[in-house]
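S.K.: Before I ask anything, let me first share the structure, which is written out below as structure tokens.
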Amino acid sequence: MSENVIHLFKDPTTAPEMPAGPPAAAVAAPGTEKPSVPLWVRSARGIRTVVTHDHTKTACRATARHGLYVLGGTRIVARRTWEGRTASRYERLLRAAEAAGNMEAAAEWEERGQRFRQERHRRRMDLLTAPMDAARGIAAGAAIGAGGLLILGIMLAVANKDWTDIGTPTMALIELVRWIIFIITVTWGPLVTLGPWAVLFGLWVVGKNQQAAPQWALPANVRSDGEPITPSIVVLALRNLGVAPLRNAIKEMGDAGASMLGPIRIAGCGVEVDVMLPSGVSTNEVQNRRRKLAENLGRHEHEVFITIAQAARTVRLWIADSGALDEPIGPSPLVTDPDSKADYKSGKAPWGQDLRGDAAAISLYQRHLLITGLSNQGKTAALRALALWLALDRTVEFRIADLKGAGDWAMFDGLATTLIQGPTDDHVIQATEMVEGLVAEMERRLQAPPGTKFTPLVGIVDEAQVAFMCPVVDEQKRPYGGSKATARYFMAVRKVHNQGRAVDVTLWEGTQDPTDQNLPKLVREGAHTRASLVLGTESQARMALGDKAIDGGAAPHLLRQGLDKGTLVVASDGIAIPAGQASITVRTHYIDDDAAIEIATRARALRDGVTTLHVIEQGEARDPLADIATVIGDTNRVLTQDVLQRLSVLSEDSYGKWTHADLKRVLDGTAAEPYKSDGRMVVGRERIARALSNRDTDDSASASQ
């Protein structure tokens, strides 16, 4: 018996049999097998792929959308029904009119609401007598109907000569009622079954027509990123801003917060509204939540600007139409109007448009200017646009140093008396000596007799941070850059800032990425007009515009780099700024190089001829007669005063202290002495040329002997 025992369990002591499998060559070497992925990991990956797939998202969005259409349609129908039976519609429109400051519309809606209440009361009083009236009406109707049927039957019986036809009309009516009941009995079941679905379909249609679903659930072609701004939207956005005292105050207001809002005014490509905050809520709490407020309003952050209004505890919201700020503004009037002129004293330069779409023009009269911002954001174009306008005033003299040297100011060759272009230390030295020349001219004018009139002199230094950061020192060990009292460029700028405007000597600077090192505090605070393009941080914005402008709502650091090129935040008394605000945002006109060359050509035609110096020589032996010929250029006659001024620019060391007597002394005996023309002393180009020619001939004859 023991031999027939079958063991159902394998004996562990016996050697296992090799299972059938692939050939030995196909078996992977030990240690090279890839670890198998657990089933739950593979399942999780598959589920994640299915859930995150675009088709799944589209299907879920469509399902949610159509379900929400039904819910939204139910809400809309319920609201319409409620408003049709109550005075809530009139109350809502009354509050909206009051919030918008439209008292006439508010009075009209109040009158309509009162009439609705009176008519509703009359209808309710009529319901008290309605049963008796209905009973009397039914009885009268039945009597009239029976009488009519009887008369009709008599007429039918007389016509047919059969008195049994008297009841025929009544029997016909009874048969009609029977068929109606039969039809209702047959169709009642399907109607009861289909009725709820028909109601759901009707609600779905209402919801679909009104797009009663969240933005994320709507199809891409019907989504809207910016609805029209209404009082209710503004109040709701403020309530959901995350400021607890503000939210609680709005809930406690009887008008649901409408009293906080001033009138919503159309302002350019957007709307503007003043919001008087309730007690316990500070203006900076709203300013610090600009992004959330913009999102609550259905806008991007750059489409909402928050400033401090003139009234206490009031913020002014400017809300752009969705996408409006991404549209370019029109060309500059300097380009479109070839006859445009400039007036340094009383005119204003057309710089661009403010956010309301109004023209933004700025006065440059006796104002030092500072424009800063990040690189490649339109700083040079904005600065050059002002210079091009001012160049159309023939009395203005320019001395320009472009420390980038990319040719952005090349069109001023023949307009500016000095034009330095280049980024090297040598160019910084030249620019420093140019600004020191402004100081010398300023001091000369300050020492002139009282009442002396001076022509405007504008110095422009673009990329001024290069000068402030220059490490070179002169022979006396004085640094050109830096912000110490021994720094030559810094001290020259400070001197011009201190007293230059009194004698019409002004300085414009353009700089990028400001810091205390490349834009010292005393220099930036010396500018009367301060403008900033996009910046990286709030601390840089405070350097560019000052604490007052930033605390008042100016926010160049919130502009979009690359997208808001040419958009400036300006703090100046030379431009119209709304009352209560410390700054204004300007979208500047862009003038390209070709248009700039054309404008410069027109400006050059207004002048008799300007010799532009590209290098300021220092400490060299001068030839006064040759230098006079150089500064006269192609002009037939130049006033002696202008000759002295141009000689001073050419070489401050040699000619900076020259007077009319020195000029006369040099020209005596040359047959090129100053003479009167139209009652004013001038120097003639042809006479100077002959004097030089005669001198060269005499020198050659002496040499040959």
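Chain labels follow the order of the structure tokens: the first chain is A, the next B, and so on; residue numbering restarts at 1 in every chain, and ligands are counted from 1 in their shown order.
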Please provide the set of residues having any atom within 12 Å of Gly167 in chain A, restricted to only C-alpha atoms, with same-chain residues fewer than 2 positions apart removed, written as a list of chain:residue names.
M.R.: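 Contacts, in chain order: A:Ala146, A:Gly147, A:Gly148, A:Leu149, A:Leu150, A:Ile151, A:Leu152, A:Gly153, A:Ile154, A:Met155, A:Leu156, A:Ala157, A:Asp162, A:Trp163, A:Thr164, A:Asp165, A:Pro169, A:Thr170, A:Met171, A:Ala172, A:Leu173, A:Ile174.
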S.K.: Keeping only N, CA, C and O atoms, take the residues you just selected and write them out as a PDB file, in the first residue's frame.
M.R.:
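File written: again-v3.pdb
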```pdb
ATOM      1  N   ALA A 146     -76.075  77.274 -22.791  1.00  0.00           N
ATOM      2  CA  ALA A 146     -77.241  76.389 -22.938  1.00  0.00           C
ATOM      3  C   ALA A 146     -78.310  77.040 -23.791  1.00  0.00           C
ATOM      4  O   ALA A 146     -78.933  76.395 -24.667  1.00  0.00           O
ATOM      5  N   GLY A 147     -78.517  78.311 -23.554  1.00  0.00           N
ATOM      6  CA  GLY A 147     -79.508  79.016 -24.374  1.00  0.00           C
ATOM      7  C   GLY A 147     -79.114  79.040 -25.830  1.00  0.00           C
ATOM      8  O   GLY A 147     -79.958  78.883 -26.732  1.00  0.00           O
ATOM      9  N   GLY A 148     -77.848  79.238 -26.071  1.00  0.00           N
ATOM     10  CA  GLY A 148     -77.384  79.269 -27.455  1.00  0.00           C
ATOM     11  C   GLY A 148     -77.559  77.930 -28.133  1.00  0.00           C
ATOM     12  O   GLY A 148     -77.963  77.852 -29.312  1.00  0.00           O
ATOM     13  N   LEU A 149     -77.219  76.839 -27.418  1.00  0.00           N
ATOM     14  CA  LEU A 149     -77.387  75.506 -27.992  1.00  0.00           C
ATOM     15  C   LEU A 149     -78.859  75.210 -28.267  1.00  0.00           C
ATOM     16  O   LEU A 149     -79.215  74.576 -29.274  1.00  0.00           O
ATOM     17  N   LEU A 150     -79.752  75.657 -27.337  1.00  0.00           N
ATOM     18  CA  LEU A 150     -81.186  75.411 -27.513  1.00  0.00           C
ATOM     19  C   LEU A 150     -81.708  76.154 -28.738  1.00  0.00           C
ATOM     20  O   LEU A 150     -82.464  75.584 -29.558  1.00  0.00           O
ATOM     21  N   ILE A 151     -81.349  77.401 -28.873  1.00  0.00           N
ATOM     22  CA  ILE A 151     -81.796  78.176 -30.028  1.00  0.00           C
ATOM     23  C   ILE A 151     -81.269  77.555 -31.316  1.00  0.00           C
ATOM     24  O   ILE A 151     -81.991  77.445 -32.328  1.00  0.00           O
ATOM     25  N   LEU A 152     -79.996  77.128 -31.284  1.00  0.00           N
ATOM     26  CA  LEU A 152     -79.417  76.501 -32.477  1.00  0.00           C
ATOM     27  C   LEU A 152     -80.158  75.216 -32.819  1.00  0.00           C
ATOM     28  O   LEU A 152     -80.417  74.904 -33.995  1.00  0.00           O
ATOM     29  N   GLY A 153     -80.544  74.439 -31.782  1.00  0.00           N
ATOM     30  CA  GLY A 153     -81.292  73.195 -32.037  1.00  0.00           C
ATOM     31  C   GLY A 153     -82.664  73.470 -32.613  1.00  0.00           C
ATOM     32  O   GLY A 153     -83.138  72.740 -33.508  1.00  0.00           O
ATOM     33  N   ILE A 154     -83.347  74.506 -32.096  1.00  0.00           N
ATOM     34  CA  ILE A 154     -84.677  74.849 -32.625  1.00  0.00           C
ATOM     35  C   ILE A 154     -84.565  75.241 -34.091  1.00  0.00           C
ATOM     36  O   ILE A 154     -85.374  74.824 -34.941  1.00  0.00           O
ATOM     37  N   MET A 155     -83.563  76.059 -34.395  1.00  0.00           N
ATOM     38  CA  MET A 155     -83.386  76.477 -35.780  1.00  0.00           C
ATOM     39  C   MET A 155     -83.104  75.272 -36.672  1.00  0.00           C
ATOM     40  O   MET A 155     -83.602  75.177 -37.816  1.00  0.00           O
ATOM     41  N   LEU A 156     -82.311  74.327 -36.170  1.00  0.00           N
ATOM     42  CA  LEU A 156     -82.003  73.123 -36.946  1.00  0.00           C
ATOM     43  C   LEU A 156     -83.254  72.262 -37.124  1.00  0.00           C
ATOM     44  O   LEU A 156     -83.496  71.689 -38.205  1.00  0.00           O
ATOM     45  N   ALA A 157     -84.083  72.141 -36.105  1.00  0.00           N
ATOM     46  CA  ALA A 157     -85.315  71.330 -36.180  1.00  0.00           C
ATOM     47  C   ALA A 157     -86.303  71.934 -37.162  1.00  0.00           C
ATOM     48  O   ALA A 157     -86.962  71.223 -37.942  1.00  0.00           O
ATOM     49  N   ASP A 162     -87.755  68.328 -38.241  1.00  0.00           N
ATOM     50  CA  ASP A 162     -87.637  67.163 -37.352  1.00  0.00           C
ATOM     51  C   ASP A 162     -87.323  67.685 -35.969  1.00  0.00           C
ATOM     52  O   ASP A 162     -86.223  68.179 -35.704  1.00  0.00           O
ATOM     53  N   TRP A 163     -88.367  67.584 -35.069  1.00  0.00           N
ATOM     54  CA  TRP A 163     -88.185  68.190 -33.742  1.00  0.00           C
ATOM     55  C   TRP A 163     -87.155  67.441 -32.904  1.00  0.00           C
ATOM     56  O   TRP A 163     -86.713  67.957 -31.881  1.00  0.00           O
ATOM     57  N   THR A 164     -86.755  66.266 -33.298  1.00  0.00           N
ATOM     58  CA  THR A 164     -85.700  65.553 -32.541  1.00  0.00           C
ATOM     59  C   THR A 164     -84.328  66.219 -32.702  1.00  0.00           C
ATOM     60  O   THR A 164     -83.384  65.928 -31.944  1.00  0.00           O
ATOM     61  N   ASP A 165     -84.195  67.101 -33.707  1.00  0.00           N
ATOM     62  CA  ASP A 165     -82.887  67.775 -33.926  1.00  0.00           C
ATOM     63  C   ASP A 165     -82.636  68.895 -32.924  1.00  0.00           C
ATOM     64  O   ASP A 165     -81.572  69.523 -32.944  1.00  0.00           O
ATOM     65  N   PRO A 169     -77.281  69.844 -31.314  1.00  0.00           N
ATOM     66  CA  PRO A 169     -76.094  70.640 -30.925  1.00  0.00           C
ATOM     67  C   PRO A 169     -75.548  70.268 -29.554  1.00  0.00           C
ATOM     68  O   PRO A 169     -74.330  70.206 -29.348  1.00  0.00           O
ATOM     69  N   THR A 170     -76.465  69.995 -28.619  1.00  0.00           N
ATOM     70  CA  THR A 170     -76.002  69.627 -27.275  1.00  0.00           C
ATOM     71  C   THR A 170     -75.257  68.308 -27.307  1.00  0.00           C
ATOM     72  O   THR A 170     -74.198  68.132 -26.675  1.00  0.00           O
ATOM     73  N   MET A 171     -75.771  67.323 -28.079  1.00  0.00           N
ATOM     74  CA  MET A 171     -75.115  66.022 -28.180  1.00  0.00           C
ATOM     75  C   MET A 171     -73.759  66.151 -28.896  1.00  0.00           C
ATOM     76  O   MET A 171     -72.786  65.455 -28.558  1.00  0.00           O
ATOM     77  N   ALA A 172     -73.707  67.043 -29.856  1.00  0.00           N
ATOM     78  CA  ALA A 172     -72.419  67.249 -30.544  1.00  0.00           C
ATOM     79  C   ALA A 172     -71.373  67.801 -29.585  1.00  0.00           C
ATOM     80  O   ALA A 172     -70.194  67.401 -29.609  1.00  0.00           O
ATOM     81  N   LEU A 173     -71.784  68.715 -28.715  1.00  0.00           N
ATOM     82  CA  LEU A 173     -70.849  69.263 -27.722  1.00  0.00           C
ATOM     83  C   LEU A 173     -70.392  68.181 -26.757  1.00  0.00           C
ATOM     84  O   LEU A 173     -69.208  68.100 -26.400  1.00  0.00           O
ATOM     85  N   ILE A 174     -71.349  67.333 -26.358  1.00  0.00           N
ATOM     86  CA  ILE A 174     -70.993  66.239 -25.442  1.00  0.00           C
ATOM     87  C   ILE A 174     -70.010  65.289 -26.112  1.00  0.00           C
ATOM     88  O   ILE A 174     -69.041  64.814 -25.500  1.00  0.00           O
TER      89      ILE A 174
END
```
S.K.: Residues near Pro278 in chain A, anyone? I mean within 9 Å using only C-alpha atoms, not counting same-chain ones fewer than 5 positions away, as a JSON list (two decimals) with C-alpha atoms, in the first residue's frame.
M.R.:
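Everything below was put into result10.json:
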```json
[["chain", "number", "residue", "atom", "x", "y", "z"],
["A", 245, "PRO", "CA", -12.31, 94.69, 7.66],
["A", 246, "LEU", "CA", -13.26, 95.60, 4.10],
["A", 249, "ALA", "CA", -17.86, 96.48, 6.23],
["A", 250, "ILE", "CA", -19.37, 95.68, 2.82],
["A", 260, "MET", "CA", -18.31, 103.29, -1.49],
["A", 313, "ARG", "CA", -9.09, 107.30, 2.44]]
```
S.K.: Pick the closest to Pro231 in chain A from A:Ala217, A:Leu297, A:Ile181, A:Val439: which is it, counting only C-alpha atoms?
M.R.: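 Ranking A:Ala217, A:Leu297, A:Ile181, A:Val439 by distance to Pro231 in chain A, first place goes to A:Leu297.
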S.K.: Which is closer to Gln581 in chain A than all the others in A:Leu650, A:Ala554, A:Val643, A:Ile166, using only C-alpha atoms?
M.R.: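 Smallest distance to Gln581 in chain A is found for A:Ala554.
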S.K.: If you count only C-alpha atoms, which residues fall within 12 Å of Gln114 in chain A, apart from same-chain ones fewer than 6 positions away, as a count of residues only?
M.R.: 10
S.K.: Would you mind writing down, as a VMD selection string, each residue of range 474-628 of chain A that DSSP on the backbone assigns to alpha helix (DSSP H)?
M.R.: chain A and resid 488 to 499 521 to 524 538 to 545 547 to 551 593 to 605 624 to 628
S.K.: Restrict the selected residues to N, CA and C atoms and save them as a CSV table (one decimal), in the first residue's frame.
M.R.:
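Below is the file that was written, again-v3.csv:
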```csv
chain,number,residue,atom,x,y,z
A,488,ARG,N,34.8,114.2,-10.9
A,488,ARG,CA,34.6,115.4,-11.8
A,488,ARG,C,33.3,115.3,-12.5
A,489,TYR,N,32.8,114.2,-13.0
A,489,TYR,CA,31.5,114.2,-13.6
A,489,TYR,C,30.4,114.5,-12.6
A,490,PHE,N,30.5,113.8,-11.5
A,490,PHE,CA,29.5,114.0,-10.4
A,490,PHE,C,29.4,115.5,-10.0
A,491,MET,N,30.5,116.1,-9.8
A,491,MET,CA,30.5,117.5,-9.3
A,491,MET,C,30.0,118.4,-10.4
A,492,ALA,N,30.4,118.2,-11.7
A,492,ALA,CA,29.9,119.0,-12.8
A,492,ALA,C,28.4,118.9,-12.9
A,493,VAL,N,27.8,117.7,-12.8
A,493,VAL,CA,26.4,117.6,-12.9
A,493,VAL,C,25.7,118.3,-11.7
A,494,ARG,N,26.2,118.2,-10.5
A,494,ARG,CA,25.7,118.8,-9.3
A,494,ARG,C,25.7,120.3,-9.5
A,495,LYS,N,26.7,120.9,-10.1
A,495,LYS,CA,26.8,122.3,-10.2
A,495,LYS,C,25.7,122.8,-11.2
A,496,VAL,N,25.5,122.1,-12.3
A,496,VAL,CA,24.5,122.4,-13.3
A,496,VAL,C,23.1,122.3,-12.7
A,497,HIS,N,22.9,121.3,-11.9
A,497,HIS,CA,21.6,121.1,-11.2
A,497,HIS,C,21.3,122.2,-10.3
A,498,ASN,N,22.3,122.7,-9.6
A,498,ASN,CA,22.1,123.7,-8.5
A,498,ASN,C,21.7,125.1,-9.1
A,499,GLN,N,22.4,125.5,-10.2
A,499,GLN,CA,22.1,126.9,-10.6
A,499,GLN,C,21.9,127.0,-12.1
A,521,LYS,N,22.3,109.6,-5.2
A,521,LYS,CA,21.1,110.2,-4.7
A,521,LYS,C,21.0,111.7,-5.0
A,522,LEU,N,22.1,112.4,-4.9
A,522,LEU,CA,22.0,113.9,-5.1
A,522,LEU,C,21.7,114.2,-6.6
A,523,VAL,N,22.2,113.3,-7.5
A,523,VAL,CA,22.0,113.5,-8.9
A,523,VAL,C,20.5,113.3,-9.3
A,524,ARG,N,20.0,112.1,-8.8
A,524,ARG,CA,18.6,111.8,-9.2
A,524,ARG,C,17.6,112.8,-8.5
A,538,GLU,N,11.0,97.4,-6.5
A,538,GLU,CA,10.4,98.7,-5.9
A,538,GLU,C,11.5,99.6,-5.4
A,539,SER,N,12.6,99.1,-4.9
A,539,SER,CA,13.6,100.0,-4.5
A,539,SER,C,14.2,100.7,-5.6
A,540,GLN,N,14.3,100.1,-6.8
A,540,GLN,CA,14.8,100.9,-8.0
A,540,GLN,C,13.8,101.9,-8.4
A,541,ALA,N,12.5,101.6,-8.3
A,541,ALA,CA,11.5,102.5,-8.6
A,541,ALA,C,11.5,103.8,-7.7
A,542,ARG,N,11.9,103.5,-6.4
A,542,ARG,CA,12.0,104.7,-5.5
A,542,ARG,C,13.2,105.5,-5.9
A,543,MET,N,14.3,104.9,-6.3
A,543,MET,CA,15.4,105.6,-6.8
A,543,MET,C,15.1,106.5,-8.0
A,544,ALA,N,14.3,105.9,-8.9
A,544,ALA,CA,14.0,106.6,-10.2
A,544,ALA,C,13.0,107.8,-10.0
A,545,LEU,N,12.0,107.6,-9.2
A,545,LEU,CA,10.9,108.6,-9.1
A,545,LEU,C,10.8,109.2,-7.8
A,547,ASP,N,10.2,108.7,-3.3
A,547,ASP,CA,9.3,108.0,-2.4
A,547,ASP,C,7.9,108.5,-2.5
A,548,LYS,N,7.7,109.8,-2.8
A,548,LYS,CA,6.4,110.4,-2.8
A,548,LYS,C,5.6,109.8,-4.0
A,549,ALA,N,6.2,109.7,-5.1
A,549,ALA,CA,5.5,109.1,-6.3
A,549,ALA,C,5.1,107.6,-6.1
A,550,ILE,N,6.1,106.9,-5.5
A,550,ILE,CA,5.8,105.4,-5.3
A,550,ILE,C,4.7,105.3,-4.2
A,551,ASP,N,4.8,106.0,-3.1
A,551,ASP,CA,3.7,106.0,-2.1
A,551,ASP,C,2.4,106.4,-2.6
A,593,ASP,N,14.4,105.6,-36.6
A,593,ASP,CA,15.6,106.3,-37.1
A,593,ASP,C,15.3,107.1,-38.4
A,594,ASP,N,14.6,106.6,-39.3
A,594,ASP,CA,14.3,107.3,-40.5
A,594,ASP,C,13.5,108.5,-40.3
A,595,ALA,N,12.5,108.4,-39.4
A,595,ALA,CA,11.7,109.6,-39.1
A,595,ALA,C,12.5,110.6,-38.3
A,596,ALA,N,13.4,110.1,-37.4
A,596,ALA,CA,14.2,111.0,-36.7
A,596,ALA,C,15.2,111.8,-37.6
A,597,ILE,N,15.7,111.1,-38.6
A,597,ILE,CA,16.6,111.8,-39.5
A,597,ILE,C,15.8,112.9,-40.3
A,598,GLU,N,14.6,112.6,-40.7
A,598,GLU,CA,13.7,113.6,-41.4
A,598,GLU,C,13.4,114.8,-40.5
A,599,ILE,N,13.1,114.6,-39.3
A,599,ILE,CA,12.8,115.7,-38.3
A,599,ILE,C,14.1,116.5,-38.1
A,600,ALA,N,15.2,115.8,-37.9
A,600,ALA,CA,16.5,116.5,-37.8
A,600,ALA,C,16.8,117.4,-39.0
A,601,THR,N,16.5,116.9,-40.2
A,601,THR,CA,16.8,117.6,-41.4
A,601,THR,C,16.0,118.9,-41.4
A,602,ARG,N,14.7,118.8,-41.0
A,602,ARG,CA,13.8,120.0,-40.9
A,602,ARG,C,14.4,121.0,-39.9
A,603,ALA,N,14.9,120.5,-38.7
A,603,ALA,CA,15.4,121.4,-37.7
A,603,ALA,C,16.7,122.0,-38.2
A,604,ARG,N,17.5,121.3,-39.0
A,604,ARG,CA,18.8,121.8,-39.5
A,604,ARG,C,18.5,122.9,-40.5
A,605,ALA,N,17.4,122.8,-41.2
A,605,ALA,CA,17.1,123.9,-42.2
A,605,ALA,C,16.7,125.2,-41.5
A,624,PRO,N,43.9,130.7,-33.2
A,624,PRO,CA,42.7,131.4,-33.1
A,624,PRO,C,42.0,131.6,-34.4
A,625,LEU,N,42.7,132.1,-35.4
A,625,LEU,CA,42.1,132.4,-36.7
A,625,LEU,C,41.5,131.1,-37.3
A,626,ALA,N,42.2,130.0,-37.3
A,626,ALA,CA,41.7,128.8,-37.8
A,626,ALA,C,40.5,128.3,-37.0
A,627,ASP,N,40.6,128.4,-35.7
A,627,ASP,CA,39.5,128.0,-34.9
A,627,ASP,C,38.2,128.8,-35.1
A,628,ILE,N,38.4,130.1,-35.4
A,628,ILE,CA,37.2,131.0,-35.7
A,628,ILE,C,36.6,130.5,-37.0
```
S.K.: Could you tell me which of A:Gly207, A:Gly202, A:Gly414, A:Gly566 comes closest to Thr612 in chain A if we count only C-alpha atoms?
M.R.: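 Closest residue, counting only C-alpha atoms: A:Gly414.
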S.K.: Looking only at the backbone, which of the residues in range 645-704 of chain A does DSSP tag as strand (DSSP E or B), as JSON, numbers by chain?
M.R.: {"A": [675, 676, 677, 680, 681, 682, 683, 684]}
S.K.: What lies within 10 Å of range 320-323 of chain A using only C-alpha atoms, ignoring chain neighbours under 4 positions off, as an mmCIF file with N, CA and C atoms, in the first residue's frame?
M.R.:
```cif
data_model
loop_
_atom_site.group_PDB
_atom_site.id
_atom_site.type_symbol
_atom_site.label_atom_id
_atom_site.label_comp_id
_atom_site.auth_asym_id
_atom_site.auth_seq_id
_atom_site.Cartn_x
_atom_site.Cartn_y
_atom_site.Cartn_z
ATOM 1 N N SER A 224 -14.362 84.768 -22.343
ATOM 2 C CA SER A 224 -14.122 86.215 -22.272
ATOM 3 C C SER A 224 -13.208 86.485 -21.106
ATOM 4 N N ASP A 225 -12.107 87.230 -21.377
ATOM 5 C CA ASP A 225 -11.158 87.553 -20.321
ATOM 6 C C ASP A 225 -11.451 88.894 -19.669
ATOM 7 N N GLY A 226 -12.502 89.579 -20.097
ATOM 8 C CA GLY A 226 -12.768 90.872 -19.495
ATOM 9 C C GLY A 226 -14.184 91.339 -19.770
ATOM 10 N N GLU A 227 -15.035 91.261 -18.751
ATOM 11 C CA GLU A 227 -16.399 91.728 -18.896
ATOM 12 C C GLU A 227 -16.454 93.221 -18.629
ATOM 13 N N PRO A 228 -17.509 93.904 -19.110
ATOM 14 C CA PRO A 228 -17.657 95.329 -18.804
ATOM 15 C C PRO A 228 -17.707 95.558 -17.299
ATOM 16 N N ILE A 229 -17.092 96.641 -16.881
ATOM 17 C CA ILE A 229 -17.009 96.943 -15.451
ATOM 18 C C ILE A 229 -18.312 97.591 -15.003
ATOM 19 N N ILE A 266 -15.914 106.791 -18.135
ATOM 20 C CA ILE A 266 -15.104 106.304 -19.250
ATOM 21 C C ILE A 266 -13.843 107.154 -19.319
ATOM 22 N N ALA A 267 -12.682 106.519 -19.326
ATOM 23 C CA ALA A 267 -11.398 107.222 -19.343
ATOM 24 C C ALA A 267 -10.493 106.552 -20.360
ATOM 25 N N GLY A 268 -10.524 107.072 -21.599
ATOM 26 C CA GLY A 268 -9.674 106.501 -22.636
ATOM 27 C C GLY A 268 -10.094 105.091 -22.984
ATOM 28 N N CYS A 269 -9.125 104.180 -22.958
ATOM 29 C CA CYS A 269 -9.398 102.786 -23.294
ATOM 30 C C CYS A 269 -9.765 101.977 -22.056
ATOM 31 N N GLY A 270 -10.449 102.598 -21.119
ATOM 32 C CA GLY A 270 -10.868 101.923 -19.907
ATOM 33 C C GLY A 270 -11.853 102.781 -19.139
ATOM 34 N N VAL A 271 -12.036 102.446 -17.873
ATOM 35 C CA VAL A 271 -12.930 103.215 -17.012
ATOM 36 C C VAL A 271 -12.180 103.572 -15.734
ATOM 37 N N GLU A 272 -12.710 104.567 -15.039
ATOM 38 C CA GLU A 272 -12.077 105.060 -13.819
ATOM 39 C C GLU A 272 -13.159 105.213 -12.757
ATOM 40 N N GLY A 298 -11.486 90.466 -13.536
ATOM 41 C CA GLY A 298 -11.407 89.826 -14.844
ATOM 42 C C GLY A 298 -10.384 90.466 -15.753
ATOM 43 N N ARG A 299 -9.301 91.001 -15.184
ATOM 44 C CA ARG A 299 -8.265 91.676 -15.950
ATOM 45 C C ARG A 299 -6.899 91.108 -15.576
ATOM 46 N N HIS A 300 -5.908 91.399 -16.431
ATOM 47 C CA HIS A 300 -4.532 91.098 -16.091
ATOM 48 C C HIS A 300 -4.000 92.191 -15.161
ATOM 49 N N HIS A 302 -1.428 94.139 -15.336
ATOM 50 C CA HIS A 302 -0.991 95.386 -15.959
ATOM 51 C C HIS A 302 -2.159 96.220 -16.477
ATOM 52 N N GLU A 303 -3.378 95.689 -16.430
ATOM 53 C CA GLU A 303 -4.539 96.424 -16.912
ATOM 54 C C GLU A 303 -5.287 97.146 -15.802
ATOM 55 N N VAL A 304 -4.766 97.103 -14.593
ATOM 56 C CA VAL A 304 -5.391 97.797 -13.457
ATOM 57 C C VAL A 304 -4.338 98.675 -12.793
ATOM 58 N N PHE A 305 -4.648 99.951 -12.625
ATOM 59 C CA PHE A 305 -3.753 100.896 -11.961
ATOM 60 C C PHE A 305 -4.471 101.461 -10.742
ATOM 61 N N GLU A 327 -2.475 97.253 -27.629
ATOM 62 C CA GLU A 327 -2.588 97.872 -28.942
ATOM 63 C C GLU A 327 -1.658 99.080 -29.029
ATOM 64 N N LEU A 355 -3.101 107.070 -20.017
ATOM 65 C CA LEU A 355 -3.944 105.881 -20.055
ATOM 66 C C LEU A 355 -5.375 106.199 -20.458
ATOM 67 N N ARG A 356 -5.786 107.446 -20.314
ATOM 68 C CA ARG A 356 -7.133 107.838 -20.713
ATOM 69 C C ARG A 356 -7.234 108.094 -22.210
#
```
S.K.: Rounded to one decimal in Å, what is the spacing between CA of Asp339 in chain A and CA of Leu386 in chain A?
M.R.: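 Result for CA of Asp339 in chain A versus CA of Leu386 in chain A: 16.7 Å, one decimal.
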S.K.: Can you tell me, as number ranges by chain, what residues are no more than 9 Å from Gly482 in chain A when counting only C-alpha atoms, ignoring any on the same chain fewer than 5 positions away?
M.R.: A: 467-471, 487-490, 517-518, 520
S.K.: Contacts of Lys345 in chain A at 12 Å or less, counting only C-alpha atoms, minus same-chain residues fewer than 5 places along, as a PyMOL selection string?
M.R.: chain A and resi 362-367+390+393+395-396+455-456+504+574
S.K.: Using CA of Trp82 in chain A and CA of Leu68 in chain A as the two end points, give the distance in Å to one decimal.
M.R.: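 CA of Leu68 in chain A lies at a distance of 20.6 Å from CA of Trp82 in chain A.
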